[in-house]
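As stored in structure-v3.pdb (PDB, C-alpha atoms, pLDDT in the B column):
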ATOM      1  CA  MET A   6     118.784 110.896  93.222  1.00 52.00           C
ATOM      2  CA  HIS A   7     116.348 108.457  91.785  1.00 42.00           C
ATOM      3  CA  GLY A   8     114.971 105.764  94.020  1.00 43.00           C
ATOM      4  CA  ASP A   9     112.238 103.204  94.173  1.00 42.00           C
ATOM      5  CA  GLU A  10     108.815 104.078  92.762  1.00 37.00           C
ATOM      6  CA  ASP A  11     108.292 107.027  95.077  1.00 37.00           C
ATOM      7  CA  GLY A  12     111.980 107.767  95.669  1.00 41.00           C
ATOM      8  CA  GLN A  13     111.727 106.585  99.238  1.00 41.00           C
ATOM      9  CA  VAL A  14     112.473 103.461 101.183  1.00 43.00           C
ATOM     10  CA  THR A  15     110.479 102.465 104.219  1.00 42.00           C
ATOM     11  CA  GLY A  16     112.011 103.861 107.363  1.00 47.00           C
ATOM     12  CA  LEU A  17     111.911 100.543 109.174  1.00 51.00           C
ATOM     13  CA  VAL A  18     115.524  99.691 108.386  1.00 78.00           C
ATOM     14  CA  ARG A  19     118.173 101.297 110.549  1.00 90.00           C
ATOM     15  CA  LEU A  20     121.875 100.793 110.049  1.00 95.00           C
ATOM     16  CA  GLY A  21     124.585 101.482 112.565  1.00 94.00           C
ATOM     17  CA  ALA A  22     128.343 101.547 112.803  1.00 94.00           C
ATOM     18  CA  ALA A  23     128.434  97.824 113.587  1.00 92.00           C
ATOM     19  CA  GLN A  24     126.741  96.892 110.301  1.00 92.00           C
ATOM     20  CA  LEU A  25     128.540  99.506 108.214  1.00 95.00           C
ATOM     21  CA  GLY A  26     132.006  99.146 109.679  1.00 94.00           C
ATOM     22  CA  ALA A  27     132.304 102.922 110.160  1.00 96.00           C
ATOM     23  CA  PRO A  28     130.688 105.550 112.357  1.00 96.00           C
ATOM     24  CA  LEU A  29     127.594 107.352 111.105  1.00 97.00           C
ATOM     25  CA  GLY A  30     127.715 111.041 110.307  1.00 97.00           C
ATOM     26  CA  ARG A  31     126.452 113.396 112.977  1.00 97.00           C
ATOM     27  CA  ARG A  32     123.715 114.692 110.609  1.00 97.00           C
ATOM     28  CA  ALA A  33     123.586 112.131 107.771  1.00 97.00           C
ATOM     29  CA  SER A  34     125.540 109.397 105.997  1.00 98.00           C
ATOM     30  CA  LEU A  35     126.040 108.563 102.335  1.00 98.00           C
ATOM     31  CA  VAL A  36     126.505 104.794 102.123  1.00 98.00           C
ATOM     32  CA  GLN A  37     127.889 103.530  98.822  1.00 98.00           C
ATOM     33  CA  PHE A  38     127.912  99.875  97.801  1.00 98.00           C
ATOM     34  CA  SER A  39     130.697  99.301  95.265  1.00 98.00           C
ATOM     35  CA  SER A  40     132.514  96.496  93.508  1.00 96.00           C
ATOM     36  CA  ALA A  41     136.128  96.290  92.388  1.00 92.00           C
ATOM     37  CA  PHE A  42     135.629  96.511  88.631  1.00 92.00           C
ATOM     38  CA  CYS A  43     132.751  98.993  88.653  1.00 95.00           C
ATOM     39  CA  GLN A  44     133.796 102.092  86.695  1.00 95.00           C
ATOM     40  CA  PRO A  45     130.803 104.220  87.804  1.00 97.00           C
ATOM     41  CA  CYS A  46     131.672 103.339  91.425  1.00 98.00           C
ATOM     42  CA  ARG A  47     134.911 105.327  91.171  1.00 97.00           C
ATOM     43  CA  ALA A  48     133.132 108.439  89.949  1.00 97.00           C
ATOM     44  CA  THR A  49     130.410 107.967  92.573  1.00 98.00           C
ATOM     45  CA  ARG A  50     133.110 107.744  95.265  1.00 98.00           C
ATOM     46  CA  ARG A  51     134.485 111.137  94.195  1.00 98.00           C
ATOM     47  CA  ILE A  52     131.039 112.754  94.078  1.00 98.00           C
ATOM     48  CA  LEU A  53     129.969 111.459  97.501  1.00 98.00           C
ATOM     49  CA  ALA A  54     133.303 112.270  99.142  1.00 98.00           C
ATOM     50  CA  ASP A  55     133.089 115.792  97.712  1.00 97.00           C
ATOM     51  CA  VAL A  56     129.544 116.302  99.032  1.00 97.00           C
ATOM     52  CA  ALA A  57     130.494 114.880 102.446  1.00 97.00           C
ATOM     53  CA  GLY A  58     133.392 117.343 102.545  1.00 96.00           C
ATOM     54  CA  LEU A  59     131.075 120.248 101.736  1.00 94.00           C
ATOM     55  CA  VAL A  60     128.235 119.472 104.149  1.00 94.00           C
ATOM     56  CA  ASP A  61     129.069 119.578 107.849  1.00 95.00           C
ATOM     57  CA  GLY A  62     128.165 116.427 109.782  1.00 97.00           C
ATOM     58  CA  VAL A  63     127.852 114.177 106.714  1.00 98.00           C
ATOM     59  CA  GLU A  64     129.997 111.056 106.297  1.00 98.00           C
ATOM     60  CA  HIS A  65     130.673 109.001 103.167  1.00 98.00           C
ATOM     61  CA  ILE A  66     130.919 105.271 103.867  1.00 98.00           C
ATOM     62  CA  GLU A  67     131.921 102.930 101.056  1.00 98.00           C
ATOM     63  CA  ILE A  68     131.179  99.229 101.335  1.00 97.00           C
ATOM     64  CA  ASP A  69     132.697  96.512  99.145  1.00 97.00           C
ATOM     65  CA  ALA A  70     129.593  94.625  98.029  1.00 97.00           C
ATOM     66  CA  GLU A  71     131.509  91.428  97.319  1.00 96.00           C
ATOM     67  CA  ALA A  72     133.019  91.366 100.808  1.00 96.00           C
ATOM     68  CA  ARG A  73     129.691  92.101 102.533  1.00 96.00           C
ATOM     69  CA  LEU A  74     127.276  89.740 100.752  1.00 95.00           C
ATOM     70  CA  GLU A  75     125.126  89.205 103.853  1.00 94.00           C
ATOM     71  CA  LEU A  76     124.450  92.944 104.159  1.00 95.00           C
ATOM     72  CA  VAL A  77     123.944  93.250 100.380  1.00 96.00           C
ATOM     73  CA  ARG A  78     121.320  90.514 100.477  1.00 94.00           C
ATOM     74  CA  ALA A  79     119.620  91.918 103.573  1.00 93.00           C
ATOM     75  CA  LEU A  80     119.255  95.314 101.865  1.00 95.00           C
ATOM     76  CA  CYS A  81     118.346  93.861  98.437  1.00 95.00           C
ATOM     77  CA  ILE A  82     121.305  95.569  96.732  1.00 96.00           C
ATOM     78  CA  GLU A  83     121.280  94.280  93.152  1.00 96.00           C
ATOM     79  CA  LYS A  84     123.689  96.611  91.313  1.00 97.00           C
ATOM     80  CA  THR A  85     126.701  98.771  92.029  1.00 98.00           C
ATOM     81  CA  PRO A  86     126.904 101.567  92.705  1.00 98.00           C
ATOM     82  CA  THR A  87     123.913 101.721  95.001  1.00 98.00           C
ATOM     83  CA  VAL A  88     123.758 104.701  97.356  1.00 98.00           C
ATOM     84  CA  LEU A  89     121.746 104.870 100.561  1.00 97.00           C
ATOM     85  CA  VAL A  90     121.165 108.182 102.316  1.00 97.00           C
ATOM     86  CA  LEU A  91     120.807 107.694 106.063  1.00 97.00           C
ATOM     87  CA  ASP A  92     119.599 110.194 108.619  1.00 96.00           C
ATOM     88  CA  ALA A  93     121.505 110.758 111.879  1.00 95.00           C
ATOM     89  CA  GLY A  94     119.833 107.717 113.455  1.00 95.00           C
ATOM     90  CA  GLY A  95     120.802 105.407 110.598  1.00 96.00           C
ATOM     91  CA  ARG A  96     117.325 105.258 109.017  1.00 95.00           C
ATOM     92  CA  ILE A  97     117.367 104.881 105.224  1.00 94.00           C
ATOM     93  CA  VAL A  98     115.621 107.938 103.761  1.00 94.00           C
ATOM     94  CA  ARG A  99     116.716 107.659 100.109  1.00 95.00           C
ATOM     95  CA  ARG A 100     118.061 104.926  97.856  1.00 95.00           C
ATOM     96  CA  ALA A 101     119.486 105.236  94.335  1.00 95.00           C
ATOM     97  CA  VAL A 102     121.161 102.939  91.827  1.00 97.00           C
ATOM     98  CA  GLY A 103     123.793 104.205  89.405  1.00 97.00           C
ATOM     99  CA  MET A 104     126.102 107.183  89.422  1.00 96.00           C
ATOM    100  CA  PRO A 105     124.296 110.189  90.929  1.00 96.00           C
ATOM    101  CA  ARG A 106     124.711 113.832  90.002  1.00 96.00           C
ATOM    102  CA  LYS A 107     126.219 116.000  92.714  1.00 96.00           C
ATOM    103  CA  ALA A 108     123.155 118.282  92.798  1.00 95.00           C
ATOM    104  CA  ASP A 109     120.877 115.264  93.280  1.00 95.00           C
ATOM    105  CA  VAL A 110     122.980 114.023  96.215  1.00 96.00           C
ATOM    106  CA  ILE A 111     122.793 117.422  97.880  1.00 95.00           C
ATOM    107  CA  ALA A 112     119.016 117.531  97.321  1.00 94.00           C
ATOM    108  CA  ALA A 113     118.618 113.998  98.729  1.00 93.00           C
ATOM    109  CA  LEU A 114     120.456 115.048 101.880  1.00 94.00           C
ATOM    110  CA  GLY A 115     117.590 117.457 102.512  1.00 88.00           C
ATOM    111  CA  ALA A 116     115.440 114.439 103.426  1.00 84.00           C
ATOM    112  CA  ALA A 117     118.004 113.293 105.975  1.00 87.00           C
ATOM    113  CA  VAL A 118     119.031 116.459 107.820  1.00 85.00           C
TER     114      VAL A 118
END
Can you turn what I pasted into structure tokens?
Amino acid sequence: MHGDEDGQVTGLVRLGAAQLGAPLGRRASLVQFSSAFCQPCRATRRILADVAGLVDGVEHIEIDAEARLELVRALCIEKTPTVLVLDAGGRIVRRAVGMPRKADVIAALGAAV
């Protein structure tokens, strides 16, 4: 997964079930920001759900960007899909924009678990 300049996001931001509207994964979470008419969002949903099904303790959480504008603004989400990889404590360890490859998602989880 490609991210900001160094592929990382500062670990100061932590997200929890209250902000995300769903419980975090026991080991990691794949948080996807989507919009209704975003074609790559559909494919991203399938990829992330597949990875979450393969890796024990990982949850896929999809957030409708249009319905959660306050959270989108707080996290500086500018495009959909945007994927955040969270560790078990909800700390953002990776961030990527666009449809990821399955292998890249699995590799990015290595930073979270």
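Between CA of Asp92 (chain A) and CA of Ala116 (chain A) there is a distance of 7.9 Å.
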Task: Resolved residues for the PyMOL selection byres ((chain A and resi 21) around 10) as an MDAnalysis selection string - done: chainID A and resid 19:20 22:29 91 93:96
Open item on the list: Which residues would end up in the selection if the PyMOL selection byres ((chain A and resi 50) around 12) were applied here, given that I need the answer as a ChimeraX atom specification?
Closed with: /A:35-40,43-49,51-57,64-69,85-88,103-107,110
Open item on the list: Report, in Å to a single decimal, how far apart CA of Val18 (chain A) and CA of Glu83 (chain A) are.
Closed with: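 So the answer is 17.2 Å.
Look at Leu114 (chain A): the protein and nucleic acid residues within 9 Å of it, using only C-alpha atoms and passing over chain neighbours fewer than 5 places away, are Ala33, Ser34, Leu35, Val63, Val90, Leu91, Asp92, Val98, Arg99 and Asp109 of chain A.
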Task: Separation of CA of Ala41 (chain A) from CA of Leu59 (chain A), in Å and rounded to one decimal - done: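 Going from CA of Ala41 (chain A) over to CA of Leu59 (chain A) covers 26.2 Å.
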Task: Shortest interatomic distance to Glu71 (chain A) - which of A:Leu89, A:Gly58, A:Phe42, A:Ile111, counting only C-alpha atoms - done: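 Of A:Leu89, A:Gly58, A:Phe42, A:Ile111, the one nearest Glu71 (chain A), counting only C-alpha atoms, is A:Phe42.
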- [ ] Name the closest residue to Ile97 (chain A) among the candidates A:Arg31, A:Leu76, A:Ala117, A:Ile82; distances are taken between atoms, counting only C-alpha atoms.
- [x]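 The closest residue to Ile97 (chain A) is A:Ala117.
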